[in-house]
Structure formats: C-alpha cells, structure tokens
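This is work_38.txt (compact mmCIF, N, CA and C atoms).
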# COMPACT_ATOMS: atom_id res chain seq x y z
N MET Z 1 156.15 76.72 65.57
CA MET Z 1 155.37 76.08 66.61
C MET Z 1 153.90 76.48 66.51
N LEU Z 2 153.68 77.76 66.27
CA LEU Z 2 152.30 78.21 66.14
C LEU Z 2 151.63 77.62 64.90
N THR Z 3 152.43 77.36 63.87
CA THR Z 3 151.88 76.73 62.67
C THR Z 3 151.38 75.33 62.99
N ILE Z 4 152.16 74.58 63.75
CA ILE Z 4 151.76 73.22 64.11
C ILE Z 4 150.50 73.23 64.97
N VAL Z 5 150.46 74.12 65.94
CA VAL Z 5 149.27 74.23 66.80
C VAL Z 5 148.06 74.64 65.97
N GLY Z 6 148.26 75.56 65.03
CA GLY Z 6 147.15 76.00 64.18
C GLY Z 6 146.63 74.89 63.30
N ILE Z 7 147.54 74.10 62.71
CA ILE Z 7 147.11 72.99 61.87
C ILE Z 7 146.37 71.94 62.69
N MET Z 8 146.88 71.62 63.88
CA MET Z 8 146.18 70.66 64.73
C MET Z 8 144.82 71.18 65.16
N SER Z 9 144.74 72.46 65.50
CA SER Z 9 143.46 73.04 65.90
C SER Z 9 142.46 73.01 64.73
N GLY Z 10 142.96 73.29 63.52
CA GLY Z 10 142.10 73.21 62.34
C GLY Z 10 141.58 71.80 62.11
N GLY Z 11 142.45 70.80 62.31
CA GLY Z 11 142.03 69.41 62.16
C GLY Z 11 141.01 69.01 63.21
N ILE Z 12 141.21 69.47 64.42
CA ILE Z 12 140.24 69.18 65.48
C ILE Z 12 138.90 69.81 65.16
N LEU Z 13 138.92 71.05 64.69
CA LEU Z 13 137.68 71.74 64.33
C LEU Z 13 136.96 71.02 63.18
N CYS Z 14 137.73 70.62 62.15
CA CYS Z 14 137.12 69.89 61.03
C CYS Z 14 136.55 68.55 61.51
N GLY Z 15 137.27 67.86 62.35
CA GLY Z 15 136.77 66.59 62.89
C GLY Z 15 135.50 66.78 63.70
N PHE Z 16 135.45 67.87 64.44
CA PHE Z 16 134.26 68.15 65.24
C PHE Z 16 133.06 68.46 64.34
N LEU Z 17 133.30 69.24 63.30
CA LEU Z 17 132.20 69.61 62.40
C LEU Z 17 131.75 68.46 61.51
N LEU Z 18 132.64 67.54 61.19
CA LEU Z 18 132.32 66.42 60.30
C LEU Z 18 132.13 65.11 61.05
N ARG Z 19 131.87 65.16 62.33
CA ARG Z 19 131.83 63.94 63.13
C ARG Z 19 130.68 63.00 62.76
N GLY Z 20 129.64 63.49 62.12
CA GLY Z 20 128.53 62.62 61.72
C GLY Z 20 128.73 61.97 60.37
N TRP Z 21 129.75 62.36 59.63
CA TRP Z 21 129.99 61.83 58.29
C TRP Z 21 130.77 60.53 58.37
N LYS Z 22 130.56 59.66 57.39
CA LYS Z 22 131.32 58.41 57.30
C LYS Z 22 132.54 58.67 56.42
N LEU Z 23 133.69 58.85 57.03
CA LEU Z 23 134.93 59.15 56.32
C LEU Z 23 135.89 57.96 56.43
N LYS Z 24 135.52 56.85 55.79
CA LYS Z 24 136.33 55.63 55.90
C LYS Z 24 137.67 55.77 55.19
N TRP Z 25 137.76 56.62 54.20
CA TRP Z 25 138.99 56.77 53.42
C TRP Z 25 140.08 57.50 54.19
N VAL Z 26 139.72 58.19 55.27
CA VAL Z 26 140.71 58.94 56.05
C VAL Z 26 141.75 58.00 56.66
N SER Z 27 141.32 56.86 57.15
CA SER Z 27 142.25 55.89 57.74
C SER Z 27 143.27 55.42 56.72
N ASP Z 28 142.83 55.16 55.49
CA ASP Z 28 143.75 54.73 54.44
C ASP Z 28 144.74 55.84 54.09
N CYS Z 29 144.27 57.09 54.07
CA CYS Z 29 145.16 58.22 53.79
C CYS Z 29 146.21 58.38 54.89
N ILE Z 30 145.82 58.18 56.13
CA ILE Z 30 146.75 58.30 57.24
C ILE Z 30 147.82 57.20 57.15
N THR Z 31 147.40 55.97 56.85
CA THR Z 31 148.34 54.87 56.72
C THR Z 31 149.33 55.13 55.59
N LEU Z 32 148.85 55.58 54.43
CA LEU Z 32 149.72 55.88 53.31
C LEU Z 32 150.69 57.00 53.65
N SER Z 33 150.21 58.03 54.35
CA SER Z 33 151.08 59.14 54.75
C SER Z 33 152.19 58.68 55.68
N ILE Z 34 151.87 57.79 56.61
CA ILE Z 34 152.89 57.27 57.53
C ILE Z 34 153.92 56.46 56.77
N TRP Z 35 153.49 55.64 55.80
CA TRP Z 35 154.44 54.87 54.99
C TRP Z 35 155.38 55.79 54.22
N ILE Z 36 154.83 56.84 53.63
CA ILE Z 36 155.65 57.79 52.88
C ILE Z 36 156.65 58.49 53.79
N LEU Z 37 156.19 58.91 54.96
CA LEU Z 37 157.09 59.58 55.91
C LEU Z 37 158.21 58.65 56.37
N LEU Z 38 157.90 57.39 56.63
CA LEU Z 38 158.93 56.44 57.03
C LEU Z 38 159.94 56.20 55.91
N PHE Z 39 159.46 56.13 54.67
CA PHE Z 39 160.35 55.97 53.53
C PHE Z 39 161.29 57.17 53.40
N LEU Z 40 160.73 58.37 53.51
CA LEU Z 40 161.55 59.58 53.42
C LEU Z 40 162.54 59.68 54.57
N LEU Z 41 162.13 59.23 55.77
CA LEU Z 41 163.06 59.21 56.90
C LEU Z 41 164.21 58.25 56.63
N GLY Z 42 163.91 57.10 56.02
CA GLY Z 42 164.96 56.15 55.66
C GLY Z 42 165.94 56.75 54.66
N ILE Z 43 165.43 57.50 53.69
CA ILE Z 43 166.31 58.17 52.73
C ILE Z 43 167.20 59.18 53.44
N ALA Z 44 166.62 59.96 54.35
CA ALA Z 44 167.41 60.97 55.07
C ALA Z 44 168.48 60.33 55.93
N VAL Z 45 168.17 59.21 56.59
CA VAL Z 45 169.16 58.52 57.42
C VAL Z 45 170.24 57.91 56.53
N GLY Z 46 169.85 57.34 55.41
CA GLY Z 46 170.82 56.74 54.51
C GLY Z 46 171.78 57.75 53.89
N ASN Z 47 171.37 58.99 53.78
CA ASN Z 47 172.22 60.04 53.21
C ASN Z 47 173.10 60.73 54.26
N ASN Z 48 172.88 60.46 55.54
CA ASN Z 48 173.61 61.13 56.61
C ASN Z 48 174.84 60.30 56.99
N GLU Z 49 176.02 60.81 56.65
CA GLU Z 49 177.27 60.09 56.92
C GLU Z 49 177.54 59.94 58.42
N ASP Z 50 177.18 60.94 59.22
CA ASP Z 50 177.42 60.86 60.66
C ASP Z 50 176.65 59.70 61.29
N ILE Z 51 175.41 59.53 60.88
CA ILE Z 51 174.60 58.43 61.42
C ILE Z 51 175.17 57.09 60.98
N LEU Z 52 175.51 56.97 59.71
CA LEU Z 52 176.02 55.70 59.21
C LEU Z 52 177.37 55.34 59.84
N ASN Z 53 178.22 56.33 60.08
CA ASN Z 53 179.53 56.06 60.68
C ASN Z 53 179.42 55.67 62.15
N ASN Z 54 178.38 56.12 62.85
CA ASN Z 54 178.21 55.84 64.28
C ASN Z 54 177.06 54.88 64.53
N LEU Z 55 176.70 54.09 63.54
CA LEU Z 55 175.53 53.22 63.66
C LEU Z 55 175.68 52.18 64.77
N ASP Z 56 176.90 51.68 65.00
CA ASP Z 56 177.08 50.69 66.07
C ASP Z 56 176.81 51.30 67.44
N THR Z 57 177.29 52.51 67.68
CA THR Z 57 177.06 53.18 68.97
C THR Z 57 175.58 53.55 69.13
N ILE Z 58 175.02 54.12 68.09
CA ILE Z 58 173.61 54.51 68.14
C ILE Z 58 172.72 53.29 68.33
N GLY Z 59 173.06 52.19 67.67
CA GLY Z 59 172.27 50.97 67.78
C GLY Z 59 172.25 50.41 69.19
N TRP Z 60 173.42 50.39 69.84
CA TRP Z 60 173.47 49.89 71.22
C TRP Z 60 172.70 50.79 72.18
N GLN Z 61 172.83 52.10 71.99
CA GLN Z 61 172.08 53.03 72.84
C GLN Z 61 170.58 52.85 72.63
N ALA Z 62 170.16 52.71 71.39
CA ALA Z 62 168.74 52.51 71.10
C ALA Z 62 168.24 51.21 71.71
N LEU Z 63 169.05 50.15 71.66
CA LEU Z 63 168.66 48.88 72.24
C LEU Z 63 168.49 48.99 73.75
N VAL Z 64 169.44 49.63 74.42
CA VAL Z 64 169.37 49.78 75.88
C VAL Z 64 168.15 50.62 76.28
N ILE Z 65 167.92 51.71 75.57
CA ILE Z 65 166.78 52.57 75.88
C ILE Z 65 165.46 51.82 75.63
N SER Z 66 165.38 51.08 74.53
CA SER Z 66 164.16 50.32 74.22
C SER Z 66 163.88 49.25 75.26
N LEU Z 67 164.92 48.50 75.62
CA LEU Z 67 164.73 47.46 76.64
C LEU Z 67 164.35 48.05 77.99
N GLY Z 68 164.93 49.19 78.33
CA GLY Z 68 164.55 49.86 79.58
C GLY Z 68 163.10 50.32 79.56
N ALA Z 69 162.66 50.84 78.43
CA ALA Z 69 161.27 51.28 78.31
C ALA Z 69 160.31 50.10 78.40
N ILE Z 70 160.65 48.99 77.76
CA ILE Z 70 159.80 47.80 77.80
C ILE Z 70 159.75 47.24 79.22
N LEU Z 71 160.90 47.14 79.87
CA LEU Z 71 160.94 46.61 81.23
C LEU Z 71 160.15 47.49 82.19
N GLY Z 72 160.31 48.80 82.06
CA GLY Z 72 159.55 49.72 82.91
C GLY Z 72 158.06 49.60 82.68
N SER Z 73 157.64 49.44 81.44
CA SER Z 73 156.21 49.29 81.13
C SER Z 73 155.64 48.01 81.70
N VAL Z 74 156.40 46.92 81.59
CA VAL Z 74 155.93 45.64 82.12
C VAL Z 74 155.81 45.71 83.64
N ILE Z 75 156.80 46.29 84.29
CA ILE Z 75 156.76 46.39 85.76
C ILE Z 75 155.59 47.26 86.21
N LEU Z 76 155.40 48.41 85.57
CA LEU Z 76 154.30 49.29 85.95
C LEU Z 76 152.95 48.64 85.66
N ALA Z 77 152.83 47.91 84.55
CA ALA Z 77 151.58 47.23 84.24
C ALA Z 77 151.27 46.16 85.29
N ALA Z 78 152.30 45.45 85.76
CA ALA Z 78 152.10 44.44 86.80
C ALA Z 78 151.65 45.08 88.10
N VAL Z 79 152.23 46.23 88.45
CA VAL Z 79 151.83 46.94 89.66
C VAL Z 79 150.39 47.42 89.56
N VAL Z 80 150.04 48.01 88.42
CA VAL Z 80 148.67 48.50 88.23
C VAL Z 80 147.69 47.34 88.27
N TYR Z 81 148.02 46.23 87.62
CA TYR Z 81 147.15 45.06 87.64
C TYR Z 81 146.96 44.54 89.06
N HIS Z 82 148.05 44.49 89.82
CA HIS Z 82 147.98 43.96 91.18
C HIS Z 82 147.08 44.82 92.07
N PHE Z 83 147.18 46.15 91.94
CA PHE Z 83 146.42 47.01 92.83
C PHE Z 83 145.01 47.32 92.36
N PHE Z 84 144.74 47.27 91.07
CA PHE Z 84 143.44 47.71 90.57
C PHE Z 84 142.59 46.61 89.96
N PHE Z 85 143.18 45.55 89.46
CA PHE Z 85 142.40 44.54 88.74
C PHE Z 85 142.45 43.16 89.38
N ASN Z 86 143.32 42.92 90.31
CA ASN Z 86 143.44 41.63 90.96
C ASN Z 86 142.43 41.58 92.10
N LYS Z 87 141.40 40.73 91.95
CA LYS Z 87 140.35 40.67 92.94
C LYS Z 87 140.63 39.56 93.95
N ASN Z 88 140.49 39.88 95.21
CA ASN Z 88 140.63 38.94 96.32
C ASN Z 88 141.98 38.27 96.38
N GLY Z 89 143.02 38.99 95.98
CA GLY Z 89 144.37 38.46 96.08
C GLY Z 89 144.69 37.31 95.14
N GLU Z 90 143.92 37.13 94.09
CA GLU Z 90 144.14 36.04 93.15
C GLU Z 90 145.31 36.31 92.26
Starting from the coordinates I provided, produce the structure as structure tokens.
Amino acid sequence: MLTIVGIMSGGILCGFLLRGWKLKWVSDCITLSIWILLFLLGIAVGNNEDILNNLDTIGWQALVISLGAILGSVILAAVVYHFFFNKNGE
C-alpha cells in the first residue's frame, strides 16, 4: 500500500515540476498502457477455470449491478438538474 501511495506521490510531484512542459506523448503512453492491461486481464480471466465455470452467474450479477448503477446515476442527475440548473420551473 505504501508503495502505491509513494508511486502516486512521485507522479504528482513530477507532474507539478513539469507542468510547463508540452508532454503530448504522455496521453498516448497512458492509452497504450491501458490497452496492455486490459489484454493481460483478459488472459488472466481466460485462464481462470472458476470464472469460466461460473460465467453465467457472474454475468447476471454484473448486469444487475450495472443497470442499478446506471439507473441511480440517471435519477440523481435528474434531481440535481431539477434543483440546480432548471430555471423558473422550466
């Protein structure tokens, strides 16, 4: 845990010190890193027999949780819009 906090703190410090530099290539490196991580995650899931054997159960649970999160976000966004951005009851 301390390693993760230390790495993040180091990145924040480097970002603070290099904030005036034009580092356009960083975005491309981040995108490539995310693609590699997702590929490796797919390999790990594909090699895990427990996940593959219970994929139907896990899939339904993931669907229910995702739909609940989306529904909650939409409802909360509507409430926030109504109270903070809707002018004169429009």
Centre and edge lengths, as AutoDock Vina command-line options, for the axis-aligned box enclosing every listed atom of region 7-11 of chain Z with 4 Å of padding on each of the six sides, in Å to one decimal?
--center_x 144.3 --center_y 71.6 --center_z 63.9 --size_x 14.5 --size_y 13.1 --size_z 12.0
Query - Coordinates-based distance that separates atom C of Val45 (chain Z) from atom N of Ile58 (chain Z) (Å, one decimal) - result: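 Computing it gives 13.1 Å between the two atoms.
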**Report entry** All alpha helix (DSSP H) residues (DSSP, backbone) inside chain Z, as a ChimeraX atom specification
**Finding:** /Z:2-17,25-47,49-53,55-80
So that each row is one residue of region 39-88 of chain Z with an atom at most 8 Å from region 27-35 of chain Z, can you give its shortest atom pair and the distance in Å to one decimal, using all atoms listed in the file, rows by chain and rising number, as CSV?
residue,atom,partner,partner_atom,distance
Z:Phe39,N,Z:Trp35,C,4.1
Z:Leu40,N,Z:Trp35,C,6.0
Z:Leu41,N,Z:Trp35,C,7.7
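The coordinates place CA of Ile4 (chain Z) at 20.9 Å from CA of Leu18 (chain Z).
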Query raised in the report: Which distance in Å separates CA of Gly10 (chain Z) and CA of Trp25 (chain Z), to one decimal?
Result: 19.0 Å
N, CA, C and O atoms are needed for region 51-75 of chain Z; please write them out as a tab-separated table (two decimals), keeping the file's coordinate frame.
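Contents of result_20.tsv, freshly written:
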chain	number	residue	atom	x	y	z
Z	51	ILE	N	175.41	59.53	60.88
Z	51	ILE	CA	174.60	58.43	61.42
Z	51	ILE	C	175.17	57.09	60.98
Z	51	ILE	O	175.30	56.16	61.78
Z	52	LEU	N	175.51	56.97	59.71
Z	52	LEU	CA	176.02	55.70	59.21
Z	52	LEU	C	177.37	55.34	59.84
Z	52	LEU	O	177.64	54.16	60.10
Z	53	ASN	N	178.22	56.33	60.08
Z	53	ASN	CA	179.53	56.06	60.68
Z	53	ASN	C	179.42	55.67	62.15
Z	53	ASN	O	180.30	54.99	62.68
Z	54	ASN	N	178.38	56.12	62.85
Z	54	ASN	CA	178.21	55.84	64.28
Z	54	ASN	C	177.06	54.88	64.53
Z	54	ASN	O	176.50	54.86	65.63
Z	55	LEU	N	176.70	54.09	63.54
Z	55	LEU	CA	175.53	53.22	63.66
Z	55	LEU	C	175.68	52.18	64.77
Z	55	LEU	O	174.71	51.85	65.45
Z	56	ASP	N	176.90	51.68	65.00
Z	56	ASP	CA	177.08	50.69	66.07
Z	56	ASP	C	176.81	51.30	67.44
Z	56	ASP	O	176.14	50.70	68.28
Z	57	THR	N	177.29	52.51	67.68
Z	57	THR	CA	177.06	53.18	68.97
Z	57	THR	C	175.58	53.55	69.13
Z	57	THR	O	174.98	53.30	70.18
Z	58	ILE	N	175.02	54.12	68.09
Z	58	ILE	CA	173.61	54.51	68.14
Z	58	ILE	C	172.72	53.29	68.33
Z	58	ILE	O	171.75	53.32	69.08
Z	59	GLY	N	173.06	52.19	67.67
Z	59	GLY	CA	172.27	50.97	67.78
Z	59	GLY	C	172.25	50.41	69.19
Z	59	GLY	O	171.20	50.01	69.70
Z	60	TRP	N	173.42	50.39	69.84
Z	60	TRP	CA	173.47	49.89	71.22
Z	60	TRP	C	172.70	50.79	72.18
Z	60	TRP	O	171.99	50.32	73.06
Z	61	GLN	N	172.83	52.10	71.99
Z	61	GLN	CA	172.08	53.03	72.84
Z	61	GLN	C	170.58	52.85	72.63
Z	61	GLN	O	169.81	52.85	73.60
Z	62	ALA	N	170.16	52.71	71.39
Z	62	ALA	CA	168.74	52.51	71.10
Z	62	ALA	C	168.24	51.21	71.71
Z	62	ALA	O	167.12	51.16	72.25
Z	63	LEU	N	169.05	50.15	71.66
Z	63	LEU	CA	168.66	48.88	72.24
Z	63	LEU	C	168.49	48.99	73.75
Z	63	LEU	O	167.49	48.51	74.31
Z	64	VAL	N	169.44	49.63	74.42
Z	64	VAL	CA	169.37	49.78	75.88
Z	64	VAL	C	168.15	50.62	76.28
Z	64	VAL	O	167.40	50.27	77.20
Z	65	ILE	N	167.92	51.71	75.57
Z	65	ILE	CA	166.78	52.57	75.88
Z	65	ILE	C	165.46	51.82	75.63
Z	65	ILE	O	164.53	51.88	76.45
Z	66	SER	N	165.38	51.08	74.53
Z	66	SER	CA	164.16	50.32	74.22
Z	66	SER	C	163.88	49.25	75.26
Z	66	SER	O	162.74	49.09	75.72
Z	67	LEU	N	164.92	48.50	75.62
Z	67	LEU	CA	164.73	47.46	76.64
Z	67	LEU	C	164.35	48.05	77.99
Z	67	LEU	O	163.51	47.49	78.71
Z	68	GLY	N	164.93	49.19	78.33
Z	68	GLY	CA	164.55	49.86	79.58
Z	68	GLY	C	163.10	50.32	79.56
Z	68	GLY	O	162.37	50.18	80.56
Z	69	ALA	N	162.66	50.84	78.43
Z	69	ALA	CA	161.27	51.28	78.31
Z	69	ALA	C	160.31	50.10	78.40
Z	69	ALA	O	159.26	50.17	79.07
Z	70	ILE	N	160.65	48.99	77.76
Z	70	ILE	CA	159.80	47.80	77.80
Z	70	ILE	C	159.75	47.24	79.22
Z	70	ILE	O	158.67	46.91	79.73
Z	71	LEU	N	160.90	47.14	79.87
Z	71	LEU	CA	160.94	46.61	81.23
Z	71	LEU	C	160.15	47.49	82.19
Z	71	LEU	O	159.37	46.99	83.02
Z	72	GLY	N	160.31	48.80	82.06
Z	72	GLY	CA	159.55	49.72	82.91
Z	72	GLY	C	158.06	49.60	82.68
Z	72	GLY	O	157.26	49.62	83.64
Z	73	SER	N	157.64	49.44	81.44
Z	73	SER	CA	156.21	49.29	81.13
Z	73	SER	C	155.64	48.01	81.70
Z	73	SER	O	154.53	47.99	82.25
Z	74	VAL	N	156.40	46.92	81.59
Z	74	VAL	CA	155.93	45.64	82.12
Z	74	VAL	C	155.81	45.71	83.64
Z	74	VAL	O	154.82	45.24	84.22
Z	75	ILE	N	156.80	46.29	84.29
Z	75	ILE	CA	156.76	46.39	85.76
Z	75	ILE	C	155.59	47.26	86.21
Z	75	ILE	O	154.84	46.88	87.12
